>>> print(open('run24.cif').read())   # mmCIF, C-alpha atoms
data_model
loop_
_atom_site.label_atom_id
_atom_site.label_comp_id
_atom_site.auth_asym_id
_atom_site.auth_seq_id
_atom_site.Cartn_x
_atom_site.Cartn_y
_atom_site.Cartn_z
CA MET A 10 39.29 1.02 -47.77
CA GLY A 11 36.74 0.37 -45.03
CA SER A 12 34.31 3.05 -43.97
CA HIS A 13 35.88 3.31 -40.52
CA PHE A 14 38.91 5.02 -42.03
CA CYS A 15 36.89 7.82 -43.60
CA GLY A 16 37.98 10.56 -41.18
CA TYR A 17 41.68 10.26 -41.89
CA GLN A 18 41.03 9.78 -45.59
CA ALA A 19 39.02 12.99 -45.65
CA LEU A 20 42.03 14.74 -44.16
CA PHE A 21 44.76 13.23 -46.32
CA GLY A 22 43.20 11.51 -49.31
CA PRO A 23 40.39 11.50 -51.83
CA PHE A 24 38.10 9.22 -49.81
CA ARG A 25 35.41 11.09 -47.90
CA GLY A 26 32.97 9.63 -45.43
CA SER A 27 29.64 10.89 -44.19
CA ALA A 28 30.97 11.57 -40.68
CA TRP A 29 33.30 14.18 -42.13
CA ALA A 30 31.19 15.54 -44.99
CA ALA A 31 30.74 18.89 -43.25
CA HIS A 32 34.50 19.25 -42.83
CA THR A 33 35.64 18.11 -46.27
CA ASP A 34 36.38 21.54 -47.71
CA ARG A 35 38.26 22.65 -44.63
CA LEU A 36 40.29 19.47 -44.17
CA SER A 37 41.00 18.33 -47.73
CA PRO A 38 44.61 18.48 -48.92
CA GLU A 39 43.64 21.13 -51.49
CA ALA A 40 42.36 23.50 -48.80
CA PRO A 41 44.56 26.40 -47.61
CA PRO A 42 46.87 25.40 -44.71
CA GLN A 43 45.29 25.80 -41.29
CA MET A 44 46.78 27.97 -38.56
CA SER A 45 49.52 26.23 -36.57
CA ILE A 46 48.80 25.57 -32.89
CA ARG A 47 51.77 27.82 -32.09
CA ASP A 48 49.75 30.69 -33.58
CA TRP A 49 46.63 29.96 -31.49
CA PRO A 50 45.81 32.11 -28.47
CA GLU A 51 47.75 30.69 -25.53
CA SER A 52 44.55 29.92 -23.62
CA GLN A 53 43.40 27.61 -26.46
CA ARG A 54 46.59 25.59 -26.93
CA PRO A 55 46.09 22.08 -25.50
CA ARG A 56 49.26 21.95 -23.37
CA GLU A 57 48.89 25.45 -21.97
CA LYS A 58 45.18 24.87 -21.37
CA LEU A 59 45.95 21.68 -19.43
CA LEU A 60 48.56 23.41 -17.27
CA ALA A 61 46.32 26.38 -16.54
CA ARG A 62 42.94 24.69 -16.04
CA GLY A 63 43.61 20.97 -15.55
CA ALA A 64 43.36 17.94 -17.82
CA GLN A 65 39.63 17.55 -17.15
CA THR A 66 38.90 20.74 -19.12
CA LEU A 67 40.32 19.38 -22.37
CA SER A 68 38.31 17.61 -25.04
CA GLU A 69 39.19 14.07 -26.13
CA ALA A 70 40.79 15.42 -29.31
CA GLU A 71 42.90 17.91 -27.33
CA LEU A 72 44.14 15.22 -24.93
CA LEU A 73 44.99 12.92 -27.82
CA ALA A 74 46.73 15.80 -29.62
CA ILE A 75 49.10 16.17 -26.66
CA LEU A 76 50.10 12.51 -27.06
CA ILE A 77 50.46 12.90 -30.84
CA GLY A 78 52.79 15.83 -30.19
CA CYS A 79 52.73 17.69 -33.49
CA GLY A 80 50.71 17.80 -36.66
CA ARG A 81 51.55 17.56 -40.33
CA LYS A 82 52.04 20.27 -42.88
CA GLY A 83 48.84 22.28 -43.06
CA HIS A 84 47.07 20.30 -40.31
CA SER A 85 47.38 20.67 -36.55
CA ALA A 86 47.72 17.84 -34.05
CA VAL A 87 44.16 18.55 -32.89
CA GLU A 88 42.87 18.02 -36.43
CA LEU A 89 44.78 14.75 -36.69
CA ALA A 90 43.31 13.65 -33.37
CA ARG A 91 39.75 14.48 -34.47
CA ALA A 92 40.24 12.58 -37.72
CA LEU A 93 41.58 9.51 -35.90
CA ILE A 94 38.68 9.48 -33.43
CA ALA A 95 36.23 9.76 -36.34
CA ASP A 96 37.88 6.88 -38.19
CA PHE A 97 37.88 4.49 -35.24
CA GLY A 98 34.41 5.56 -34.07
CA SER A 99 35.36 6.65 -30.56
CA LEU A 100 38.37 7.35 -28.37
CA ARG A 101 37.88 4.02 -26.61
CA GLN A 102 37.92 2.06 -29.86
CA LEU A 103 41.00 3.96 -30.99
CA LEU A 104 43.02 3.27 -27.84
CA SER A 105 41.91 -0.37 -27.56
CA ALA A 106 42.49 -1.19 -31.24
CA GLU A 107 45.02 -3.90 -31.97
CA ARG A 108 48.20 -2.99 -33.78
CA ALA A 109 46.90 -4.52 -37.01
CA ARG A 110 44.40 -1.63 -37.26
CA TRP A 111 47.26 0.87 -37.34
CA VAL A 112 49.25 -0.70 -40.15
CA ARG A 113 48.49 -1.73 -43.70
CA GLU A 114 49.44 -4.92 -45.42
CA PRO A 115 52.77 -4.82 -47.29
CA GLU A 116 52.63 -5.13 -51.05
CA PRO A 117 52.95 -8.74 -52.29
CA LYS A 118 56.35 -9.87 -53.44
CA PRO A 119 56.83 -10.00 -57.21
CA ALA A 120 56.69 -13.38 -58.92
CA ALA A 121 59.94 -15.24 -59.52
CA GLY A 122 61.86 -13.93 -62.48
CA ARG A 123 60.16 -10.51 -62.33
CA ARG A 124 61.73 -7.52 -60.69
CA ARG A 125 59.83 -4.47 -59.54
CA HIS A 126 61.61 -1.15 -59.28
CA ARG A 127 60.68 0.80 -56.20
CA PRO A 128 62.46 3.51 -54.23
CA ARG A 129 65.03 2.01 -51.85
CA ALA A 130 63.43 3.66 -48.80
CA ARG A 131 60.25 1.64 -49.29
CA MET A 132 62.12 -1.63 -49.45
CA ARG A 133 63.61 -1.34 -45.99
CA PRO A 134 61.84 -3.55 -43.41
CA ASP A 135 59.90 -1.83 -40.66
CA ARG A 136 59.28 -3.61 -37.37
CA PHE A 137 56.09 -1.65 -36.86
CA GLY A 138 54.73 -2.22 -40.33
CA LEU A 139 53.56 0.25 -42.93
CA PRO A 140 51.58 3.01 -41.16
CA ARG A 141 47.98 3.20 -42.31
CA PHE A 142 47.62 6.81 -41.19
CA PRO A 143 50.08 9.45 -42.46
CA GLY A 144 52.02 10.92 -39.56
CA ILE A 145 51.09 8.16 -37.10
CA GLY A 146 54.04 5.80 -37.15
CA PRO A 147 55.68 3.60 -34.52
CA ALA A 148 56.80 6.46 -32.26
CA ARG A 149 53.32 7.93 -31.80
CA TYR A 150 51.65 4.53 -31.59
CA ALA A 151 54.16 3.59 -28.86
CA THR A 152 53.41 6.82 -26.98
CA MET A 153 49.68 6.03 -26.87
CA GLN A 154 50.30 2.44 -25.76
CA ALA A 155 52.69 3.63 -23.05
CA ALA A 156 50.05 6.06 -21.74
CA LEU A 157 47.53 3.22 -21.52
CA GLU A 158 49.96 0.95 -19.69
CA LEU A 159 50.82 3.69 -17.20
CA THR A 160 47.10 3.96 -16.39
CA ARG A 161 46.87 0.22 -15.77
CA ARG A 162 49.97 0.22 -13.57
CA HIS A 163 48.67 3.19 -11.62
CA TYR A 164 45.59 1.20 -10.61
CA CYS A 165 47.73 -1.87 -9.90
CA GLU A 166 50.00 0.06 -7.52
CA VAL A 167 47.07 0.92 -5.26
CA LEU A 168 46.35 -2.78 -4.79
CA GLN A 169 49.97 -3.51 -3.88
CA VAL A 170 49.91 -1.19 -0.86
CA SER A 171 46.28 -1.56 0.26
CA PRO A 172 44.21 -4.71 0.88
CA ALA A 173 42.09 -5.50 -2.16
CA LEU A 174 38.94 -5.90 -0.07
CA SER A 175 39.41 -2.52 1.63
CA ALA A 176 39.75 -0.82 -1.76
CA PRO A 177 37.00 -2.42 -3.88
CA ASP A 178 36.70 0.59 -6.19
CA ALA A 179 40.41 0.48 -6.97
CA THR A 180 40.20 -3.26 -7.62
CA ARG A 181 37.32 -2.81 -10.04
CA LYS A 182 38.95 0.11 -11.85
CA PHE A 183 42.08 -1.97 -12.26
CA LEU A 184 40.14 -4.95 -13.66
CA VAL A 185 38.07 -2.78 -15.99
CA ALA A 186 41.27 -1.19 -17.34
CA GLN A 187 42.77 -4.63 -17.89
CA LEU A 188 39.83 -6.58 -19.30
CA ARG A 189 37.00 -4.39 -20.59
CA ASP A 190 38.16 -4.04 -24.19
CA ARG A 191 39.39 -7.58 -24.80
CA PRO A 192 37.57 -9.06 -27.84
CA TYR A 193 37.85 -12.56 -26.35
CA GLU A 194 37.22 -14.02 -22.91
CA VAL A 195 40.17 -13.96 -20.50
CA PHE A 196 40.36 -15.62 -17.07
CA CYS A 197 42.72 -13.94 -14.62
CA CYS A 198 43.82 -14.30 -11.02
CA LEU A 199 44.85 -11.73 -8.44
CA PHE A 200 47.18 -13.55 -6.05
CA LEU A 201 47.17 -11.97 -2.58
CA ASP A 202 49.30 -12.20 0.56
CA VAL A 203 48.03 -12.77 4.12
CA ARG A 204 47.01 -9.10 4.34
CA HIS A 205 45.19 -9.38 1.02
CA ARG A 206 47.65 -7.12 -0.78
CA LEU A 207 48.40 -7.89 -4.40
CA ILE A 208 51.38 -10.15 -5.07
CA ALA A 209 50.75 -10.69 -8.77
CA PHE A 210 48.10 -10.34 -11.43
CA GLU A 211 48.21 -13.05 -14.08
CA GLU A 212 46.25 -13.82 -17.21
CA MET A 213 45.75 -17.55 -16.78
CA PHE A 214 43.56 -18.63 -19.69
CA ARG A 215 42.41 -17.11 -22.96
CA GLY A 216 39.32 -18.29 -24.82
CA THR A 217 36.89 -17.17 -27.49
CA ILE A 218 34.16 -14.55 -27.54
CA ASP A 219 31.89 -16.65 -25.33
CA GLY A 220 34.07 -18.81 -23.11
CA ALA A 221 37.48 -19.87 -21.81
CA THR A 222 38.59 -23.28 -20.55
CA VAL A 223 39.91 -23.05 -16.97
CA HIS A 224 42.19 -25.71 -15.48
CA ALA A 225 42.13 -25.95 -11.67
CA ARG A 226 45.54 -27.62 -11.55
CA GLU A 227 47.23 -24.60 -13.16
CA VAL A 228 45.50 -22.16 -10.83
CA VAL A 229 46.64 -24.15 -7.78
CA ARG A 230 50.19 -24.38 -9.13
CA HIS A 231 50.45 -20.63 -9.64
CA ALA A 232 48.96 -19.93 -6.22
CA MET A 233 51.63 -22.13 -4.63
CA THR A 234 54.37 -20.53 -6.73
CA HIS A 235 53.41 -17.09 -5.44
CA ASN A 236 52.92 -18.40 -1.88
CA SER A 237 49.45 -16.87 -1.94
CA ALA A 238 47.16 -16.84 1.05
CA ALA A 239 44.13 -15.77 -0.97
CA VAL A 240 43.01 -15.19 -4.52
CA ILE A 241 40.43 -13.20 -6.46
CA PHE A 242 39.27 -14.52 -9.82
CA ALA A 243 38.29 -12.23 -12.66
CA HIS A 244 37.15 -12.71 -16.21
CA ASN A 245 35.49 -10.59 -18.84
CA HIS A 246 32.36 -11.01 -20.92
CA PRO A 247 33.04 -9.52 -24.39
CA SER A 248 29.27 -9.16 -24.83
CA GLY A 249 29.30 -6.53 -22.09
CA VAL A 250 26.69 -8.40 -20.02
CA THR A 251 27.93 -9.16 -16.49
CA GLU A 252 25.39 -11.79 -15.46
CA PRO A 253 27.19 -15.03 -14.51
CA SER A 254 26.42 -18.19 -16.42
CA GLN A 255 25.93 -21.59 -14.87
CA ALA A 256 29.37 -22.53 -16.17
CA ASP A 257 30.85 -19.51 -14.36
CA GLU A 258 29.32 -20.65 -11.07
CA LEU A 259 30.43 -24.26 -11.51
CA THR A 260 33.97 -23.21 -12.40
CA THR A 261 34.17 -20.97 -9.34
CA GLN A 262 32.99 -23.80 -7.07
CA ARG A 263 35.49 -26.24 -8.59
CA LEU A 264 38.39 -23.81 -8.16
CA ARG A 265 37.38 -22.92 -4.62
CA ASP A 266 37.33 -26.60 -3.63
CA ALA A 267 40.72 -27.23 -5.23
CA LEU A 268 42.37 -24.23 -3.56
CA ALA A 269 40.86 -25.11 -0.18
CA LEU A 270 43.01 -28.26 -0.20
CA VAL A 271 46.14 -26.07 -0.04
CA ASP A 272 44.66 -23.48 2.37
CA VAL A 273 44.19 -20.71 -0.19
CA ARG A 274 40.99 -18.71 0.25
CA VAL A 275 38.88 -17.52 -2.66
CA LEU A 276 37.72 -14.03 -1.73
CA ASP A 277 35.74 -13.14 -4.82
CA HIS A 278 35.12 -13.74 -8.49
CA ILE A 279 34.54 -10.58 -10.50
CA ILE A 280 32.99 -10.46 -13.96
CA VAL A 281 33.91 -7.43 -16.07
CA GLY A 282 31.41 -6.19 -18.62
CA ASP A 283 31.13 -2.95 -20.53
CA GLY A 284 32.47 -0.65 -17.83
CA ARG A 285 30.61 -2.54 -15.10
CA CYS A 286 31.57 -5.32 -12.72
CA LEU A 287 29.65 -8.05 -10.92
CA SER A 288 30.94 -9.53 -7.64
CA PHE A 289 30.18 -13.13 -6.73
CA ALA A 290 30.82 -12.27 -3.07
CA GLU A 291 28.24 -9.48 -3.11
CA ARG A 292 25.75 -11.74 -4.88
CA GLY A 293 26.24 -14.48 -2.28
CA LEU A 294 27.54 -16.92 -4.89
CA LEU A 295 30.68 -17.94 -2.97
#
>>> encode(input="run24.cif", output="structure tokens")
Amino acid sequence: MGSHFCGYQALFGPFRGSAWAAHTDRLSPEAPPQMSIRDWPESQRPREKLLARGAQTLSEAELLAILIGCGRKGHSAVELARALIADFGSLRQLLSAERARWVREPEPKPAAGRRRHRPRARMRPDRFGLPRFPGIGPARYATMQAALELTRRHYCEVLQVSPALSAPDATRKFLVAQLRDRPYEVFCCLFLDVRHRLIAFEEMFRGTIDGATVHAREVVRHAMTHNSAAVIFAHNHPSGVTEPSQADELTTQRLRDALALVDVRVLDHIIVGDGRCLSFAERGLL
């Protein structure tokens, strides 16, 4: 097992990592069962605390515990949430992790002519895969992914009713939510109507950690399909650095010239880094 799974292992298995050394006795399976959240003072229960004081007063573990819903025997949902955050390294890494991080590889099939006897329940296929973390199966994973997608759509809705240029903060929040945690470079387009309201957001091209090949013909075709009057380009830098490269500037110029032939304006090109954005328009690069 890798070291980044130490938190959950400390809670449910014999593996113990340095991040959880101070909590080993309290969280190990041999320890006496902890008090259920139902037995906590009402002011300390995550849901009641959120309703009484607001979501901003809750810790990351408490917010995650609400999504998890309930704990396991002897361990509260808050404890599970803390262990998960410790294993992944941070809440951001946990929520942006690909599904492969949440499941473990199935056992290899036995060689021909040999038959292994296992309980029938383990032989049934699972669309999600075999959960790596006890108690965190497809239902809870789906709940966390749904919460993330709701956040992205919330930011997108603002752009559909307000001009993108009159709501630059909303545009940047939307792009950061969409692109910040991608491990590879992605080139996207925001297709806008004559009032610069969002018609569609599309991921056009996907590349590697340091580049993506962009085809002007495809961008023009999609702009015509959406009957766009204007477009905003966006791509991420997985390195977190937002400074544009020479290739970024040349690509922007090439796309702007191609779209000008069909009367589609390029309003901006935004580079998303580690929680920050750079605007070509503000830099005078358009």
>>> atom_distance(input="run24.cif", atom1="atom CA of Gly98 of chain A", atom2="atom CA of Asp190 of chain A")
14.3 Å
>>> closest_residue(input="run24.cif", among="A:Trp111, A:Phe196, A:Phe142, A:Phe97", to="Gly216 of chain A", atoms="all atoms listed in the file")
A:Phe196
>>> atom_distance(input="run24.cif", atom1="atom CA of Leu268 of chain A", atom2="atom CA of Gly282 of chain A")
25.9 Å
>>> residues_near_point(input="run24.cif", point="(32.5, -10.8, -24.3)", cutoff="12 Å", atoms="all atoms listed in the file", output="PyMOL selection string")
chain A and resi 188-196+215-221+244-253+280-283
>>> write_last_selection(input="run24.cif", atoms="C-alpha atoms", output="PDB file, in the frame of the given file")
ATOM      1  CA  LEU A 188      39.830  -6.580 -19.300  1.00  0.00           C
ATOM      2  CA  ARG A 189      37.000  -4.390 -20.590  1.00  0.00           C
ATOM      3  CA  ASP A 190      38.160  -4.040 -24.190  1.00  0.00           C
ATOM      4  CA  ARG A 191      39.390  -7.580 -24.800  1.00  0.00           C
ATOM      5  CA  PRO A 192      37.570  -9.060 -27.840  1.00  0.00           C
ATOM      6  CA  TYR A 193      37.850 -12.560 -26.350  1.00  0.00           C
ATOM      7  CA  GLU A 194      37.220 -14.020 -22.910  1.00  0.00           C
ATOM      8  CA  VAL A 195      40.170 -13.960 -20.500  1.00  0.00           C
ATOM      9  CA  PHE A 196      40.360 -15.620 -17.070  1.00  0.00           C
ATOM     10  CA  ARG A 215      42.410 -17.110 -22.960  1.00  0.00           C
ATOM     11  CA  GLY A 216      39.320 -18.290 -24.820  1.00  0.00           C
ATOM     12  CA  THR A 217      36.890 -17.170 -27.490  1.00  0.00           C
ATOM     13  CA  ILE A 218      34.160 -14.550 -27.540  1.00  0.00           C
ATOM     14  CA  ASP A 219      31.890 -16.650 -25.330  1.00  0.00           C
ATOM     15  CA  GLY A 220      34.070 -18.810 -23.110  1.00  0.00           C
ATOM     16  CA  ALA A 221      37.480 -19.870 -21.810  1.00  0.00           C
ATOM     17  CA  HIS A 244      37.150 -12.710 -16.210  1.00  0.00           C
ATOM     18  CA  ASN A 245      35.490 -10.590 -18.840  1.00  0.00           C
ATOM     19  CA  HIS A 246      32.360 -11.010 -20.920  1.00  0.00           C
ATOM     20  CA  PRO A 247      33.040  -9.520 -24.390  1.00  0.00           C
ATOM     21  CA  SER A 248      29.270  -9.160 -24.830  1.00  0.00           C
ATOM     22  CA  GLY A 249      29.300  -6.530 -22.090  1.00  0.00           C
ATOM     23  CA  VAL A 250      26.690  -8.400 -20.020  1.00  0.00           C
ATOM     24  CA  THR A 251      27.930  -9.160 -16.490  1.00  0.00           C
ATOM     25  CA  GLU A 252      25.390 -11.790 -15.460  1.00  0.00           C
ATOM     26  CA  PRO A 253      27.190 -15.030 -14.510  1.00  0.00           C
ATOM     27  CA  ILE A 280      32.990 -10.460 -13.960  1.00  0.00           C
ATOM     28  CA  VAL A 281      33.910  -7.430 -16.070  1.00  0.00           C
ATOM     29  CA  GLY A 282      31.410  -6.190 -18.620  1.00  0.00           C
ATOM     30  CA  ASP A 283      31.130  -2.950 -20.530  1.00  0.00           C
TER      31      ASP A 283
END
>>> resolve_selection(input="run24.cif", expression="the PyMOL selection byres ((chain A and resi 229) around 9)", output="list of chain:residue names")
A:Ala225, A:Arg226, A:Glu227, A:Val228, A:Arg230, A:His231, A:Ala232, A:Met233, A:Thr234, A:Leu264, A:Ala267, A:Leu268, A:Val271, A:Val273
>>> residues_around(input="run24.cif", residues="Val112 of chain A", least_positions_apart="3", cutoff="7 Å", atoms="all atoms listed in the file", output="compact mmCIF listing (two decimals) with C-alpha atoms, in the coordinates of the input")
# COMPACT_ATOMS: atom_id res chain seq x y z
CA ARG A 108 48.20 -2.99 -33.78
CA ALA A 109 46.90 -4.52 -37.01
CA GLY A 138 54.73 -2.22 -40.33
CA LEU A 139 53.56 0.25 -42.93
CA PRO A 140 51.58 3.01 -41.16
CA ARG A 141 47.98 3.20 -42.31
>>> atom_distance(input="run24.cif", atom1="atom CA of Cys79 of chain A", atom2="atom CA of Ala106 of chain A")
21.6 Å
>>> resolve_selection(input="run24.cif", expression="the PyMOL selection byres ((chain A and resi 45-57) around 6)", output="NGL selection string")
:A and (44 or 58-60 or 71 or 85)
>>> closest_residue(input="run24.cif", among="A:Thr66, A:Gln255, A:Gln102, A:Thr180", to="Glu166 of chain A", atoms="all atoms listed in the file")
A:Thr180
>>> closest_residue(input="run24.cif", among="A:His235, A:Arg274, A:Leu104, A:Asp266", to="Ala151 of chain A", atoms="only C-alpha atoms")
A:Leu104
>>> resolve_selection(input="run24.cif", expression="the PyMOL selection byres ((chain A and resi 290) around 10)", output="list in words")
Val275, Leu276, Asp277, His278, Ile279, Leu287, Ser288, Phe289, Glu291, Arg292, Gly293, Leu294 and Leu295 of chain A
>>> closest_residue(input="run24.cif", among="A:Leu259, A:Cys286, A:Ala239, A:Gln65", to="Asp272 of chain A", atoms="all atoms listed in the file")
A:Ala239
>>> residues_near_point(input="run24.cif", point="(47.2, 14.7, -38.0)", cutoff="8 Å", atoms="all atoms listed in the file", output="list in words")
Cys79, Gly80, Arg81, His84, Ser85, Ala86, Val87, Glu88, Leu89, Ala90, Ala92, Leu93, Pro143, Gly144 and Ile145 of chain A
>>> axis_aligned_box(input="run24.cif", around="segment 47-63 of chain A", padding_each_side="4 Å", output="AutoDock Vina command-line options")
--center_x 47.4 --center_y 26.5 --center_z -24.6 --size_x 16.8 --size_y 19.1 --size_z 26.0
>>> closest_residue(input="run24.cif", among="A:Ala148, A:Val185, A:Ala179, A:Ala70", to="Leu207 of chain A", atoms="all atoms listed in the file")
A:Ala179
>>> closest_residue(input="run24.cif", among="A:Arg91, A:Phe242, A:Arg110, A:Ala186", to="Glu258 of chain A", atoms="all atoms listed in the file")
A:Phe242
